[in-house]
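Peer 1: Let me give you the structure first, and then I'll get to my questions.
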Amino acid sequence: MGRPPDLSALSTCRTTSVFRPRVFVQRFLRDAIAQAAGIQKVMSPHRVRHSSITAALEATGGNVRAVQQLSRHAKPETVMRYNDNRNNLQREVTEMLSGLLEKRGEDQREASR
């Protein structure tokens, strides 16, 4: 019969060369889906959760309490860490300040008439 095939290249565990088909298929699918979506980072449950929380903050306009309930974090400070990572946070604040300055300029022009 000969030697059994070396499956160590397919090993899904760092500490053993045991081949686990379920884990292999899960990782293969995870990587294939990420690649199809154009995601270059290695995906993990934590990364998906992080992305979901950040997206929820974007969708709710930064409603920390609502996202805290959704994510089941005990403390709002934990959700605030995700809020600080939002990509558009700086842009939102810049637009808000710009709007305030424009309004102030309009108010001053009207007052000087």
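The chains in the structure tokens are called A, B, ... from first to last as shown; in each chain the residues are counted from 1, and the ligands are counted from 1 in the order shown.
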When you look at His73 of chain A with a cut-off of 12 Å (counting only C-alpha atoms), what residues show up, excluding the ones that are within fewer than 6 positions of it in the same chain? I need them as number ranges by chain.
Peer 2: A: 49, 53, 64-67, 79-82
Peer 1: When you look at Ala55 of chain A with a cut-off of 12 Å (counting only C-alpha atoms), what residues show up, excluding the ones that are within fewer than 4 positions of it in the same chain? I need them as a list in words.
Peer 2: Val48, Arg49, His50, Ser51, Ala59, Thr60, Gly61, Gly62, Asn63, Val64, Val67, Leu70, Ser71, Val79, Tyr82, Asn83, Asn85, Arg86, Asn87 and Asn88 of chain A
Peer 1: Dump C-alpha atoms for the selected residues as a short mmCIF file (atom, residue, chain, number, x, y, z; two decimals), in the first residue's frame?
Peer 2:
data_model
loop_
_atom_site.label_atom_id
_atom_site.label_comp_id
_atom_site.auth_asym_id
_atom_site.auth_seq_id
_atom_site.Cartn_x
_atom_site.Cartn_y
_atom_site.Cartn_z
CA VAL A 48 -16.12 40.97 11.36
CA ARG A 49 -17.54 42.10 14.73
CA HIS A 50 -15.33 45.19 14.70
CA SER A 51 -16.44 46.08 11.16
CA ALA A 59 -25.45 54.10 10.13
CA THR A 60 -26.74 55.58 13.40
CA GLY A 61 -24.72 58.77 13.17
CA GLY A 62 -22.58 57.74 16.13
CA ASN A 63 -25.39 56.66 18.48
CA VAL A 64 -23.15 54.97 21.03
CA VAL A 67 -24.70 50.36 19.21
CA LEU A 70 -26.57 45.93 19.65
CA SER A 71 -23.02 44.81 20.42
CA VAL A 79 -17.99 51.24 21.94
CA TYR A 82 -14.80 51.77 17.78
CA ASN A 83 -16.28 55.23 17.33
CA ASN A 85 -11.81 54.46 14.54
CA ARG A 86 -14.55 55.63 12.21
CA ASN A 87 -13.07 56.77 8.90
CA ASN A 88 -15.45 59.65 8.37
#
Peer 1: Quick one, how far is atom CA of Asp84 of chain A from atom CA of Val42 of chain A?
Peer 2: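 Result for atom CA of Asp84 of chain A versus atom CA of Val42 of chain A: 22.2 Å, one decimal.
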Peer 1: Using backbone DSSP assignments, extract all alpha helix (DSSP H) residues from chain A; output them as a ChimeraX atom specification.
Peer 2: /A:21-36,45-59,64-71,76-84,89-111
Peer 1: Find the distance between atom CA of Phe19 of chain A and atom CA of Gln40 of chain A and write it in Å to one decimal.
Peer 2: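 Those two atoms sit 25.5 Å apart.
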Peer 1: Find the spatial neighbours of Met43 of chain A, counting only C-alpha atoms, within a cut-off of 8 Å - ignore same-chain residues fewer than 4 positions away - and output them as a PyMOL selection string.
Peer 2: chain A and resi 30-31+34+47-48
